[in-house]
>>> print(open('coords23.cif').read())   # mmCIF, C-alpha atoms
data_query
loop_
_atom_site.label_atom_id
_atom_site.label_comp_id
_atom_site.auth_asym_id
_atom_site.auth_seq_id
_atom_site.Cartn_x
_atom_site.Cartn_y
_atom_site.Cartn_z
CA GLY A 153 -7.91 -21.83 6.13
CA GLN A 154 -6.65 -20.61 2.81
CA GLN A 155 -3.03 -19.58 2.49
CA LEU A 156 -2.26 -16.28 0.78
CA ASN A 157 1.42 -15.73 0.17
CA GLN A 158 2.28 -12.07 -0.11
CA SER A 159 5.68 -10.83 -1.21
CA PRO A 160 7.90 -9.17 -0.56
CA GLN A 161 7.49 -9.08 3.19
CA SER A 162 9.10 -5.63 3.35
CA MET A 163 10.50 -3.03 1.00
CA PHE A 164 12.78 -0.05 1.48
CA ILE A 165 12.80 2.26 -1.52
CA GLN A 166 13.82 5.75 -2.49
CA GLU A 167 11.17 8.37 -3.04
CA GLY A 168 10.18 8.46 -6.70
CA GLU A 169 10.80 4.78 -7.35
CA ASP A 170 8.11 2.40 -8.52
CA VAL A 171 6.92 -0.44 -6.27
CA SER A 172 5.60 -3.88 -7.12
CA MET A 173 4.15 -6.47 -4.80
CA ASN A 174 2.12 -9.60 -5.34
CA CYS A 175 -0.10 -12.13 -3.71
CA THR A 176 -0.52 -15.79 -4.64
CA SER A 177 -2.95 -18.45 -3.56
CA SER A 178 -3.33 -22.18 -3.87
CA SER A 179 -7.05 -21.68 -4.52
CA ILE A 180 -8.98 -19.91 -7.24
CA PHE A 181 -10.49 -16.64 -6.05
CA ASN A 182 -13.28 -14.65 -7.67
CA THR A 183 -12.49 -11.39 -5.89
CA TRP A 184 -9.24 -9.73 -4.96
CA LEU A 185 -8.88 -6.67 -2.76
CA TRP A 186 -5.91 -4.52 -1.86
CA TYR A 187 -5.79 -2.58 1.42
CA LYS A 188 -3.35 -0.16 3.02
CA GLN A 189 -2.91 0.11 6.77
CA ASP A 190 -1.33 3.13 8.45
CA PRO A 191 0.03 2.84 12.01
CA GLY A 192 -2.72 2.91 14.61
CA GLU A 193 -5.51 2.68 12.04
CA GLY A 194 -7.56 0.03 10.35
CA PRO A 195 -6.94 -1.20 6.79
CA VAL A 196 -8.35 1.08 4.13
CA LEU A 197 -9.55 -0.30 0.80
CA LEU A 198 -7.45 0.77 -2.19
CA ILE A 199 -8.67 -1.32 -5.11
CA ALA A 200 -11.22 -4.10 -5.70
CA LEU A 201 -10.92 -6.59 -8.59
CA TYR A 202 -13.73 -8.88 -9.77
CA LYS A 203 -12.66 -10.39 -13.10
CA ALA A 204 -9.69 -12.46 -14.20
CA GLY A 205 -7.33 -10.26 -16.17
CA GLU A 206 -8.90 -7.07 -14.84
CA LEU A 207 -6.53 -4.13 -14.54
CA THR A 208 -7.71 -1.28 -12.32
CA SER A 209 -6.05 2.00 -11.37
CA ASN A 210 -6.54 4.35 -8.46
CA GLY A 211 -4.26 7.34 -8.94
CA ARG A 212 -0.69 6.12 -8.83
CA LEU A 213 -1.82 2.63 -7.85
CA THR A 214 -2.56 -0.11 -10.34
CA ALA A 215 -3.71 -3.61 -9.48
CA GLN A 216 -4.32 -6.64 -11.64
CA PHE A 217 -6.37 -9.80 -11.17
CA GLY A 218 -4.18 -12.62 -12.47
CA ILE A 219 -5.57 -14.67 -15.36
CA THR A 220 -5.10 -17.89 -13.42
CA ARG A 221 -7.31 -16.35 -10.69
CA LYS A 222 -4.71 -17.49 -8.18
CA ASP A 223 -2.73 -14.28 -7.97
CA SER A 224 -2.91 -10.52 -7.95
CA PHE A 225 -0.41 -7.70 -8.28
CA LEU A 226 -0.21 -4.15 -6.96
CA ASN A 227 2.04 -1.50 -8.43
CA ILE A 228 2.70 1.98 -7.06
CA SER A 229 4.33 4.45 -9.39
CA ALA A 230 6.53 7.36 -8.36
CA SER A 231 6.38 6.59 -4.64
CA ILE A 232 6.05 9.40 -2.10
CA PRO A 233 6.60 9.42 1.68
CA SER A 234 2.88 9.08 2.46
CA ASP A 235 2.88 5.71 0.69
CA VAL A 236 4.55 4.30 3.80
CA GLY A 237 2.46 1.62 5.47
CA ILE A 238 1.51 -2.02 5.30
CA TYR A 239 -0.26 -3.27 2.19
CA PHE A 240 -2.53 -6.29 2.41
CA CYS A 241 -4.11 -8.39 -0.27
CA ALA A 242 -7.35 -10.21 0.41
CA GLY A 243 -9.11 -12.85 -1.65
CA GLN A 244 -12.57 -14.38 -1.62
CA ILE A 245 -13.58 -17.76 -3.04
CA SER A 246 -17.29 -17.21 -3.45
CA THR A 247 -19.93 -14.63 -2.69
CA GLY A 248 -20.92 -14.41 0.93
CA ASN A 249 -17.90 -16.19 2.26
CA GLN A 250 -15.07 -14.71 4.18
CA PHE A 251 -12.08 -12.93 2.75
CA TYR A 252 -8.63 -14.37 3.38
CA PHE A 253 -5.86 -11.88 4.05
CA GLY A 254 -2.22 -11.99 3.07
CA THR A 255 0.55 -11.44 5.58
CA GLY A 256 1.22 -7.92 4.37
CA THR A 257 4.03 -5.99 2.69
CA SER A 258 5.63 -3.28 4.79
CA LEU A 259 6.69 -0.34 2.63
CA THR A 260 9.22 2.26 3.72
CA VAL A 261 9.89 5.22 1.45
CA ILE A 262 13.14 7.05 2.03
CA PRO A 263 12.93 10.76 1.15
CA ASP B 1497 -20.64 9.15 6.04
CA ALA B 1498 -19.60 7.63 9.34
CA GLY B 1499 -17.39 4.60 9.01
CA VAL B 1500 -17.20 1.58 11.25
CA ILE B 1501 -16.93 2.80 14.83
CA GLN B 1502 -15.14 0.78 17.46
CA SER B 1503 -14.76 1.39 21.17
CA PRO B 1504 -12.72 1.64 23.20
CA ARG B 1505 -9.67 2.55 21.10
CA HIS B 1506 -7.35 1.28 23.81
CA GLU B 1507 -7.92 -1.10 26.71
CA VAL B 1508 -5.43 -2.11 29.35
CA THR B 1509 -6.55 -4.57 31.99
CA GLU B 1510 -5.26 -7.29 34.23
CA MET B 1511 -5.51 -10.92 33.34
CA GLY B 1512 -8.65 -12.62 34.54
CA GLN B 1513 -10.80 -9.56 33.93
CA GLU B 1514 -13.68 -9.50 31.49
CA VAL B 1515 -13.13 -7.41 28.38
CA THR B 1516 -15.90 -6.16 26.09
CA LEU B 1517 -15.17 -4.64 22.71
CA ARG B 1518 -17.86 -2.79 20.82
CA CYS B 1519 -18.58 -2.15 17.18
CA LYS B 1520 -21.08 -0.09 15.22
CA PRO B 1521 -21.10 -1.08 11.55
CA ILE B 1522 -21.80 1.22 8.65
CA SER B 1523 -25.54 1.77 8.31
CA GLY B 1524 -27.04 -0.55 5.72
CA HIS B 1525 -24.23 -3.09 5.87
CA ASP B 1526 -25.51 -6.54 6.72
CA TYR B 1527 -22.18 -8.32 7.10
CA LEU B 1528 -20.06 -7.78 10.20
CA PHE B 1529 -16.65 -9.28 10.84
CA TRP B 1530 -14.38 -9.45 13.88
CA TYR B 1531 -10.63 -9.80 13.29
CA ARG B 1532 -7.58 -10.05 15.52
CA GLN B 1533 -4.22 -8.70 14.37
CA THR B 1534 -0.86 -9.65 15.85
CA MET B 1535 2.69 -9.44 14.55
CA MET B 1536 3.04 -13.20 14.62
CA ARG B 1537 -0.21 -14.23 12.99
CA GLY B 1538 -1.30 -11.19 10.99
CA LEU B 1539 -5.02 -10.60 10.46
CA GLU B 1540 -7.14 -13.50 11.65
CA LEU B 1541 -10.89 -13.72 11.14
CA LEU B 1542 -12.57 -14.61 14.42
CA ILE B 1543 -16.26 -14.61 13.49
CA TYR B 1544 -18.65 -13.03 11.04
CA PHE B 1545 -22.35 -12.27 11.01
CA ASN B 1546 -24.88 -11.87 8.24
CA ASN B 1547 -28.13 -10.13 9.13
CA ASN B 1548 -27.20 -10.39 12.83
CA VAL B 1549 -26.79 -14.17 12.64
CA PRO B 1550 -23.36 -15.74 13.27
CA ILE B 1551 -22.32 -17.53 10.07
CA ASP B 1552 -18.83 -18.77 10.82
CA ASP B 1553 -17.22 -18.72 14.25
CA SER B 1554 -14.50 -21.27 13.50
CA GLY B 1555 -11.84 -18.63 14.08
CA MET B 1556 -12.86 -17.97 17.67
CA PRO B 1557 -9.86 -19.25 19.59
CA GLU B 1558 -11.49 -20.60 22.73
CA ASP B 1559 -14.63 -20.67 24.77
CA ARG B 1560 -13.34 -17.59 26.54
CA PHE B 1561 -14.28 -15.63 23.44
CA SER B 1562 -17.88 -14.84 22.56
CA ALA B 1563 -19.53 -12.44 20.13
CA LYS B 1564 -23.05 -11.16 19.81
CA MET B 1565 -24.96 -8.98 17.41
CA PRO B 1566 -28.27 -8.07 19.07
CA ASN B 1567 -29.27 -5.71 16.25
CA ALA B 1568 -28.08 -4.42 12.91
CA SER B 1569 -26.19 -1.49 14.40
CA PHE B 1570 -24.26 -3.06 17.25
CA SER B 1571 -21.97 -5.96 17.99
CA THR B 1572 -19.78 -6.98 20.92
CA LEU B 1573 -16.79 -9.24 21.30
CA LYS B 1574 -16.25 -10.44 24.83
CA ILE B 1575 -13.27 -12.16 26.40
CA GLN B 1576 -13.80 -13.75 29.80
CA PRO B 1577 -11.47 -14.40 31.50
CA SER B 1578 -8.78 -12.49 29.63
CA GLU B 1579 -5.18 -13.74 29.36
CA PRO B 1580 -1.94 -11.98 28.36
CA ARG B 1581 -1.85 -13.90 25.06
CA ASP B 1582 -5.10 -12.18 24.09
CA SER B 1583 -3.17 -8.92 23.71
CA ALA B 1584 -3.64 -7.75 20.12
CA VAL B 1585 -5.46 -5.21 17.99
CA TYR B 1586 -9.06 -6.24 17.39
CA PHE B 1587 -10.77 -4.94 14.28
CA CYS B 1588 -14.39 -4.86 13.32
CA ALA B 1589 -15.35 -4.60 9.65
CA SER B 1590 -18.65 -4.42 7.79
CA ALA B 1591 -19.76 -5.01 4.22
CA SER B 1592 -22.91 -4.26 2.28
CA PRO B 1593 -25.09 -6.75 0.44
CA GLY B 1594 -24.81 -6.83 -3.33
CA PRO B 1595 -24.49 -8.98 -6.43
CA GLN B 1596 -20.72 -8.89 -6.20
CA ASN B 1597 -18.51 -9.64 -3.26
CA GLN B 1598 -18.57 -6.33 -1.48
CA PRO B 1599 -15.32 -5.14 0.12
CA GLN B 1600 -15.10 -4.92 3.86
CA HIS B 1601 -14.68 -1.55 5.53
CA PHE B 1602 -12.64 -1.58 8.72
CA GLY B 1603 -12.84 0.39 11.93
CA ASP B 1604 -9.72 1.81 13.54
CA GLY B 1605 -9.45 -1.09 15.95
CA THR B 1606 -9.19 -1.63 19.69
CA ARG B 1607 -5.67 -2.08 20.99
CA LEU B 1608 -5.98 -4.55 23.87
CA SER B 1609 -3.24 -5.13 26.41
CA ILE B 1610 -3.69 -7.79 29.07
CA LEU B 1611 -1.18 -7.50 31.88
#
>>> encode(input="coords23.cif", output="structure tokens")
Amino acid sequence: GQQLNQSPQSMFIQEGEDVSMNCTSSSIFNTWLWYKQDPGEGPVLLIALYKAGELTSNGRLTAQFGITRKDSFLNISASIPSDVGIYFCAGQISTGNQFYFGTGTSLTVIP
Amino acid sequence: DAGVIQSPRHEVTEMGQEVTLRCKPISGHDYLFWYRQTMMRGLELLIYFNNNVPIDDSGMPEDRFSAKMPNASFSTLKIQPSEPRDSAVYFCASASPGPQNQPQHFGDGTRLSIL
């Protein structure tokens, strides 16, 4: 299967700080998704990206589809305690095929 | 709107027993996916269906695993016989048809423990 490298693996930050994480692939993707998973729950979609270079925001979250189509970035501004969780990227090569998931970034926000 | 519904939420059983996990996708979604999540291997796609037909089952680990989708509103993942290494959280997800690659929406998972 496709390898999606997600980094960092974990982050410990102070409340109010900004967060950046990224996902890289050896293959070209035409869709990137970012999910957040809270303990005991399923992943919840945060942002979907469909075009190279696309920059999309959802509140304090901003994600970008890399121009090489092999990477994507997620930024969280002014972190708050409820941002705690595991963030996953997912990429898809072509319509109708499966999504490949990254290994996740565990975020801890210290009040 | 109701999301993806999975049952049971938790299952604890002894090895060798048959386990059946159930999923009801979001109405109107014609893609259904089964995933397994563990600390070691993360989220792994087991199988996915399109219009009730299995499209790719290459992620199904062994013959002990089987999945069915008898109609558009129901799918099962069965493990028989179960083994301790099958312990994991199993997620079902569904996606709608569309011109773009539609995101998958996940259920809350079934936490399976095989003793």
>>> interface_residues(input="coords23.cif", of="chain B", to="chain A", cutoff="8 Å", atoms="all atoms listed in the file", output="PyMOL selection string")
chain B and resi 1537-1540+1544+1587+1596-1597+1599-1605
>>> residues_around(input="coords23.cif", residues="segment 1505-1519 of chain B", least_positions_apart="2", cutoff="8 Å", atoms="all atoms listed in the file", output="VMD selection string")
chain B and resid 1500 to 1503 1521 1570 to 1580 1588 1604 to 1611
>>> residues_around(input="coords23.cif", residues="Ile1551 of chain B", least_positions_apart="4", cutoff="12 Å", atoms="only C-alpha atoms", output="JSON, numbers by chain")
{"A": [248, 249, 250], "B": [1526, 1527, 1528, 1529, 1530, 1542, 1543, 1544, 1545, 1546, 1547, 1555, 1563, 1564, 1565]}
>>> write_last_selection(input="coords23.cif", atoms="C-alpha atoms", output="mmCIF file, in the frame of the given file")
data_model
loop_
_atom_site.group_PDB
_atom_site.id
_atom_site.type_symbol
_atom_site.label_atom_id
_atom_site.label_comp_id
_atom_site.auth_asym_id
_atom_site.auth_seq_id
_atom_site.Cartn_x
_atom_site.Cartn_y
_atom_site.Cartn_z
ATOM 1 C CA GLY A 248 -20.920 -14.410 0.930
ATOM 2 C CA ASN A 249 -17.900 -16.190 2.260
ATOM 3 C CA GLN A 250 -15.070 -14.710 4.180
ATOM 4 C CA ASP B 1526 -25.510 -6.540 6.720
ATOM 5 C CA TYR B 1527 -22.180 -8.320 7.100
ATOM 6 C CA LEU B 1528 -20.060 -7.780 10.200
ATOM 7 C CA PHE B 1529 -16.650 -9.280 10.840
ATOM 8 C CA TRP B 1530 -14.380 -9.450 13.880
ATOM 9 C CA LEU B 1542 -12.570 -14.610 14.420
ATOM 10 C CA ILE B 1543 -16.260 -14.610 13.490
ATOM 11 C CA TYR B 1544 -18.650 -13.030 11.040
ATOM 12 C CA PHE B 1545 -22.350 -12.270 11.010
ATOM 13 C CA ASN B 1546 -24.880 -11.870 8.240
ATOM 14 C CA ASN B 1547 -28.130 -10.130 9.130
ATOM 15 C CA GLY B 1555 -11.840 -18.630 14.080
ATOM 16 C CA ALA B 1563 -19.530 -12.440 20.130
ATOM 17 C CA LYS B 1564 -23.050 -11.160 19.810
ATOM 18 C CA MET B 1565 -24.960 -8.980 17.410
#
>>> residues_around(input="coords23.cif", residues="Ala215 of chain A", least_positions_apart="6", cutoff="6 Å", atoms="all atoms listed in the file", output="PyMOL selection string")
chain A and resi 207-208+225-226
>>> closest_residue(input="coords23.cif", among="A:Gly205, A:Pro263, A:Gly218, A:Pro160", to="Val236 of chain A", atoms="only C-alpha atoms")
A:Pro263
>>> resolve_selection(input="coords23.cif", expression="the PyMOL selection byres ((chain B and resi 1524) around 10)", output="MDAnalysis selection string")
chainID B and resid 1521:1523 1525:1527 1568:1569 1590:1593
>>> atom_distance(input="coords23.cif", atom1="atom CA of Ile262 of chain A", atom2="atom CA of Phe217 of chain A")
29.0 Å
>>> closest_residue(input="coords23.cif", among="B:Ala1589, B:Met1536, B:Asp1582, B:Gln1598", to="Pro1557 of chain B", atoms="all atoms listed in the file")
B:Asp1582
>>> axis_aligned_box(input="coords23.cif", around="segment 205-219 of chain A", padding_each_side="8 Å", output="lines of an AutoDock Vina configuration file")
center_x = -4.8
center_y = -3.7
center_z = -12.0
size_x = 24.2
size_y = 38.0
size_z = 24.3
>>> atom_distance(input="coords23.cif", atom1="atom CA of Tyr1531 of chain B", atom2="atom CA of Phe1561 of chain B")
12.3 Å
>>> atom_distance(input="coords23.cif", atom1="atom CA of Thr260 of chain A", atom2="atom CA of Arg221 of chain A")
28.8 Å
>>> residues_around(input="coords23.cif", residues="Glu169 of chain A", least_positions_apart="2", cutoff="6 Å", atoms="all atoms listed in the file", output="PyMOL selection string")
chain A and resi 166-167+230-231
>>> resolve_selection(input="coords23.cif", expression="the PyMOL selection byres ((chain A and resi 162) around 12)", output="list in words")
Gln158, Ser159, Pro160, Gln161, Met163, Phe164, Ile165, Val171, Ser172, Met173, Asn174, Val236, Gly237, Ile238, Tyr239, Phe240, Thr255, Gly256, Thr257, Ser258, Leu259, Thr260 and Val261 of chain A
>>> decode(input="coords23.cif", residues="segment 167-211 of chain A", atoms="N, CA and C atoms", output="PDB file, in the first residue's frame")
ATOM      1  N   GLU A 167      -1.207  26.081  25.819  1.00  0.00           N
ATOM      2  CA  GLU A 167      -2.434  26.700  25.319  1.00  0.00           C
ATOM      3  C   GLU A 167      -2.109  28.068  24.727  1.00  0.00           C
ATOM      4  N   GLY A 168      -2.701  28.356  23.577  1.00  0.00           N
ATOM      5  CA  GLY A 168      -2.466  29.631  22.915  1.00  0.00           C
ATOM      6  C   GLY A 168      -1.417  29.572  21.814  1.00  0.00           C
ATOM      7  N   GLU A 169      -0.600  28.545  21.834  1.00  0.00           N
ATOM      8  CA  GLU A 169       0.424  28.414  20.791  1.00  0.00           C
ATOM      9  C   GLU A 169      -0.190  27.920  19.485  1.00  0.00           C
ATOM     10  N   ASP A 170       0.526  28.191  18.402  1.00  0.00           N
ATOM     11  CA  ASP A 170       0.113  27.674  17.097  1.00  0.00           C
ATOM     12  C   ASP A 170       0.737  26.297  16.874  1.00  0.00           C
ATOM     13  N   VAL A 171       0.078  25.482  16.062  1.00  0.00           N
ATOM     14  CA  VAL A 171       0.512  24.111  15.800  1.00  0.00           C
ATOM     15  C   VAL A 171       0.646  23.900  14.297  1.00  0.00           C
ATOM     16  N   SER A 172       1.682  23.195  13.896  1.00  0.00           N
ATOM     17  CA  SER A 172       1.830  22.822  12.490  1.00  0.00           C
ATOM     18  C   SER A 172       2.173  21.348  12.382  1.00  0.00           C
ATOM     19  N   MET A 173       1.539  20.669  11.473  1.00  0.00           N
ATOM     20  CA  MET A 173       1.854  19.271  11.206  1.00  0.00           C
ATOM     21  C   MET A 173       1.747  19.030   9.711  1.00  0.00           C
ATOM     22  N   ASN A 174       2.424  17.977   9.239  1.00  0.00           N
ATOM     23  CA  ASN A 174       2.381  17.745   7.803  1.00  0.00           C
ATOM     24  C   ASN A 174       2.362  16.271   7.467  1.00  0.00           C
ATOM     25  N   CYS A 175       2.070  16.026   6.223  1.00  0.00           N
ATOM     26  CA  CYS A 175       1.933  14.675   5.721  1.00  0.00           C
ATOM     27  C   CYS A 175       2.588  14.622   4.345  1.00  0.00           C
ATOM     28  N   THR A 176       3.428  13.632   4.123  1.00  0.00           N
ATOM     29  CA  THR A 176       4.085  13.502   2.822  1.00  0.00           C
ATOM     30  C   THR A 176       3.876  12.104   2.262  1.00  0.00           C
ATOM     31  N   SER A 177       3.905  12.045   0.940  1.00  0.00           N
ATOM     32  CA  SER A 177       3.670  10.781   0.257  1.00  0.00           C
ATOM     33  C   SER A 177       4.676  10.588  -0.855  1.00  0.00           C
ATOM     34  N   SER A 178       4.907   9.351  -1.211  1.00  0.00           N
ATOM     35  CA  SER A 178       5.768   9.065  -2.357  1.00  0.00           C
ATOM     36  C   SER A 178       4.971   9.094  -3.658  1.00  0.00           C
ATOM     37  N   SER A 179       3.662   9.150  -3.547  1.00  0.00           N
ATOM     38  CA  SER A 179       2.785   9.166  -4.724  1.00  0.00           C
ATOM     39  C   SER A 179       2.070  10.501  -4.829  1.00  0.00           C
ATOM     40  N   ILE A 180       1.595  10.788  -6.027  1.00  0.00           N
ATOM     41  CA  ILE A 180       0.798  11.989  -6.248  1.00  0.00           C
ATOM     42  C   ILE A 180      -0.650  11.702  -5.896  1.00  0.00           C
ATOM     43  N   PHE A 181      -1.222  12.552  -5.053  1.00  0.00           N
ATOM     44  CA  PHE A 181      -2.618  12.386  -4.656  1.00  0.00           C
ATOM     45  C   PHE A 181      -3.472  13.482  -5.293  1.00  0.00           C
ATOM     46  N   ASN A 182      -4.740  13.196  -5.536  1.00  0.00           N
ATOM     47  CA  ASN A 182      -5.619  14.242  -6.041  1.00  0.00           C
ATOM     48  C   ASN A 182      -6.641  14.701  -5.013  1.00  0.00           C
ATOM     49  N   THR A 183      -6.591  14.118  -3.833  1.00  0.00           N
ATOM     50  CA  THR A 183      -7.425  14.555  -2.717  1.00  0.00           C
ATOM     51  C   THR A 183      -6.667  14.352  -1.415  1.00  0.00           C
ATOM     52  N   TRP A 184      -6.748  15.358  -0.560  1.00  0.00           N
ATOM     53  CA  TRP A 184      -6.196  15.236   0.784  1.00  0.00           C
ATOM     54  C   TRP A 184      -7.296  15.557   1.792  1.00  0.00           C
ATOM     55  N   LEU A 185      -7.340  14.780   2.852  1.00  0.00           N
ATOM     56  CA  LEU A 185      -8.288  15.025   3.927  1.00  0.00           C
ATOM     57  C   LEU A 185      -7.537  15.117   5.246  1.00  0.00           C
ATOM     58  N   TRP A 186      -8.093  15.884   6.171  1.00  0.00           N
ATOM     59  CA  TRP A 186      -7.571  15.922   7.529  1.00  0.00           C
ATOM     60  C   TRP A 186      -8.708  15.581   8.490  1.00  0.00           C
ATOM     61  N   TYR A 187      -8.412  14.642   9.403  1.00  0.00           N
ATOM     62  CA  TYR A 187      -9.373  14.187  10.401  1.00  0.00           C
ATOM     63  C   TYR A 187      -8.817  14.422  11.802  1.00  0.00           C
ATOM     64  N   LYS A 188      -9.747  14.530  12.766  1.00  0.00           N
ATOM     65  CA  LYS A 188      -9.367  14.540  14.172  1.00  0.00           C
ATOM     66  C   LYS A 188     -10.113  13.409  14.883  1.00  0.00           C
ATOM     67  N   GLN A 189      -9.385  12.702  15.744  1.00  0.00           N
ATOM     68  CA  GLN A 189      -9.995  11.610  16.495  1.00  0.00           C
ATOM     69  C   GLN A 189      -9.871  11.878  17.989  1.00  0.00           C
ATOM     70  N   ASP A 190     -11.005  11.930  18.680  1.00  0.00           N
ATOM     71  CA  ASP A 190     -11.026  12.047  20.129  1.00  0.00           C
ATOM     72  C   ASP A 190     -11.056  10.647  20.727  1.00  0.00           C
ATOM     73  N   PRO A 191     -10.589  10.502  21.958  1.00  0.00           N
ATOM     74  CA  PRO A 191     -10.568   9.167  22.592  1.00  0.00           C
ATOM     75  C   PRO A 191     -11.943   8.515  22.590  1.00  0.00           C
ATOM     76  N   GLY A 192     -11.979   7.255  22.182  1.00  0.00           N
ATOM     77  CA  GLY A 192     -13.232   6.504  22.209  1.00  0.00           C
ATOM     78  C   GLY A 192     -14.198   6.832  21.093  1.00  0.00           C
ATOM     79  N   GLU A 193     -13.764   7.640  20.138  1.00  0.00           N
ATOM     80  CA  GLU A 193     -14.651   8.016  19.037  1.00  0.00           C
ATOM     81  C   GLU A 193     -13.977   7.755  17.702  1.00  0.00           C
ATOM     82  N   GLY A 194     -14.766   7.858  16.646  1.00  0.00           N
ATOM     83  CA  GLY A 194     -14.206   7.699  15.320  1.00  0.00           C
ATOM     84  C   GLY A 194     -13.631   9.005  14.809  1.00  0.00           C
ATOM     85  N   PRO A 195     -12.776   8.940  13.785  1.00  0.00           N
ATOM     86  CA  PRO A 195     -12.223  10.168  13.192  1.00  0.00           C
ATOM     87  C   PRO A 195     -13.338  11.046  12.632  1.00  0.00           C
ATOM     88  N   VAL A 196     -13.178  12.342  12.820  1.00  0.00           N
ATOM     89  CA  VAL A 196     -14.150  13.310  12.324  1.00  0.00           C
ATOM     90  C   VAL A 196     -13.457  14.191  11.298  1.00  0.00           C
ATOM     91  N   LEU A 197     -14.085  14.377  10.156  1.00  0.00           N
ATOM     92  CA  LEU A 197     -13.495  15.169   9.083  1.00  0.00           C
ATOM     93  C   LEU A 197     -13.380  16.623   9.488  1.00  0.00           C
ATOM     94  N   LEU A 198     -12.189  17.198   9.257  1.00  0.00           N
ATOM     95  CA  LEU A 198     -11.948  18.614   9.531  1.00  0.00           C
ATOM     96  C   LEU A 198     -11.964  19.423   8.244  1.00  0.00           C
ATOM     97  N   ILE A 199     -11.142  19.005   7.291  1.00  0.00           N
ATOM     98  CA  ILE A 199     -10.960  19.768   6.057  1.00  0.00           C
ATOM     99  C   ILE A 199     -10.713  18.801   4.915  1.00  0.00           C
ATOM    100  N   ALA A 200     -11.272  19.127   3.738  1.00  0.00           N
ATOM    101  CA  ALA A 200     -11.033  18.369   2.509  1.00  0.00           C
ATOM    102  C   ALA A 200     -10.396  19.297   1.479  1.00  0.00           C
ATOM    103  N   LEU A 201      -9.398  18.795   0.775  1.00  0.00           N
ATOM    104  CA  LEU A 201      -8.655  19.570  -0.233  1.00  0.00           C
ATOM    105  C   LEU A 201      -8.663  18.815  -1.550  1.00  0.00           C
ATOM    106  N   TYR A 202      -8.944  19.538  -2.654  1.00  0.00           N
ATOM    107  CA  TYR A 202      -9.104  18.863  -3.947  1.00  0.00           C
ATOM    108  C   TYR A 202      -8.197  19.384  -5.045  1.00  0.00           C
ATOM    109  N   LYS A 203      -7.490  20.515  -4.795  1.00  0.00           N
ATOM    110  CA  LYS A 203      -6.661  21.085  -5.857  1.00  0.00           C
ATOM    111  C   LYS A 203      -5.275  21.408  -5.321  1.00  0.00           C
ATOM    112  N   ALA A 204      -4.262  21.151  -6.149  1.00  0.00           N
ATOM    113  CA  ALA A 204      -2.903  21.502  -5.766  1.00  0.00           C
ATOM    114  C   ALA A 204      -2.826  22.995  -5.481  1.00  0.00           C
ATOM    115  N   GLY A 205      -2.187  23.339  -4.357  1.00  0.00           N
ATOM    116  CA  GLY A 205      -2.074  24.729  -3.966  1.00  0.00           C
ATOM    117  C   GLY A 205      -3.238  25.252  -3.164  1.00  0.00           C
ATOM    118  N   GLU A 206      -4.322  24.492  -3.093  1.00  0.00           N
ATOM    119  CA  GLU A 206      -5.523  24.944  -2.389  1.00  0.00           C
ATOM    120  C   GLU A 206      -5.230  25.188  -0.919  1.00  0.00           C
ATOM    121  N   LEU A 207      -5.744  26.281  -0.405  1.00  0.00           N
ATOM    122  CA  LEU A 207      -5.618  26.640   1.001  1.00  0.00           C
ATOM    123  C   LEU A 207      -7.032  26.799   1.543  1.00  0.00           C
ATOM    124  N   THR A 208      -7.384  26.006   2.541  1.00  0.00           N
ATOM    125  CA  THR A 208      -8.749  26.015   3.066  1.00  0.00           C
ATOM    126  C   THR A 208      -8.734  26.161   4.579  1.00  0.00           C
ATOM    127  N   SER A 209      -9.640  26.988   5.084  1.00  0.00           N
ATOM    128  CA  SER A 209      -9.725  27.207   6.529  1.00  0.00           C
ATOM    129  C   SER A 209     -11.047  26.709   7.074  1.00  0.00           C
ATOM    130  N   ASN A 210     -10.990  26.296   8.336  1.00  0.00           N
ATOM    131  CA  ASN A 210     -12.172  25.881   9.080  1.00  0.00           C
ATOM    132  C   ASN A 210     -11.976  26.395  10.502  1.00  0.00           C
ATOM    133  N   GLY A 211     -12.444  27.610  10.748  1.00  0.00           N
ATOM    134  CA  GLY A 211     -12.206  28.231  12.051  1.00  0.00           C
ATOM    135  C   GLY A 211     -10.727  28.516  12.250  1.00  0.00           C
TER     136      GLY A 211
END
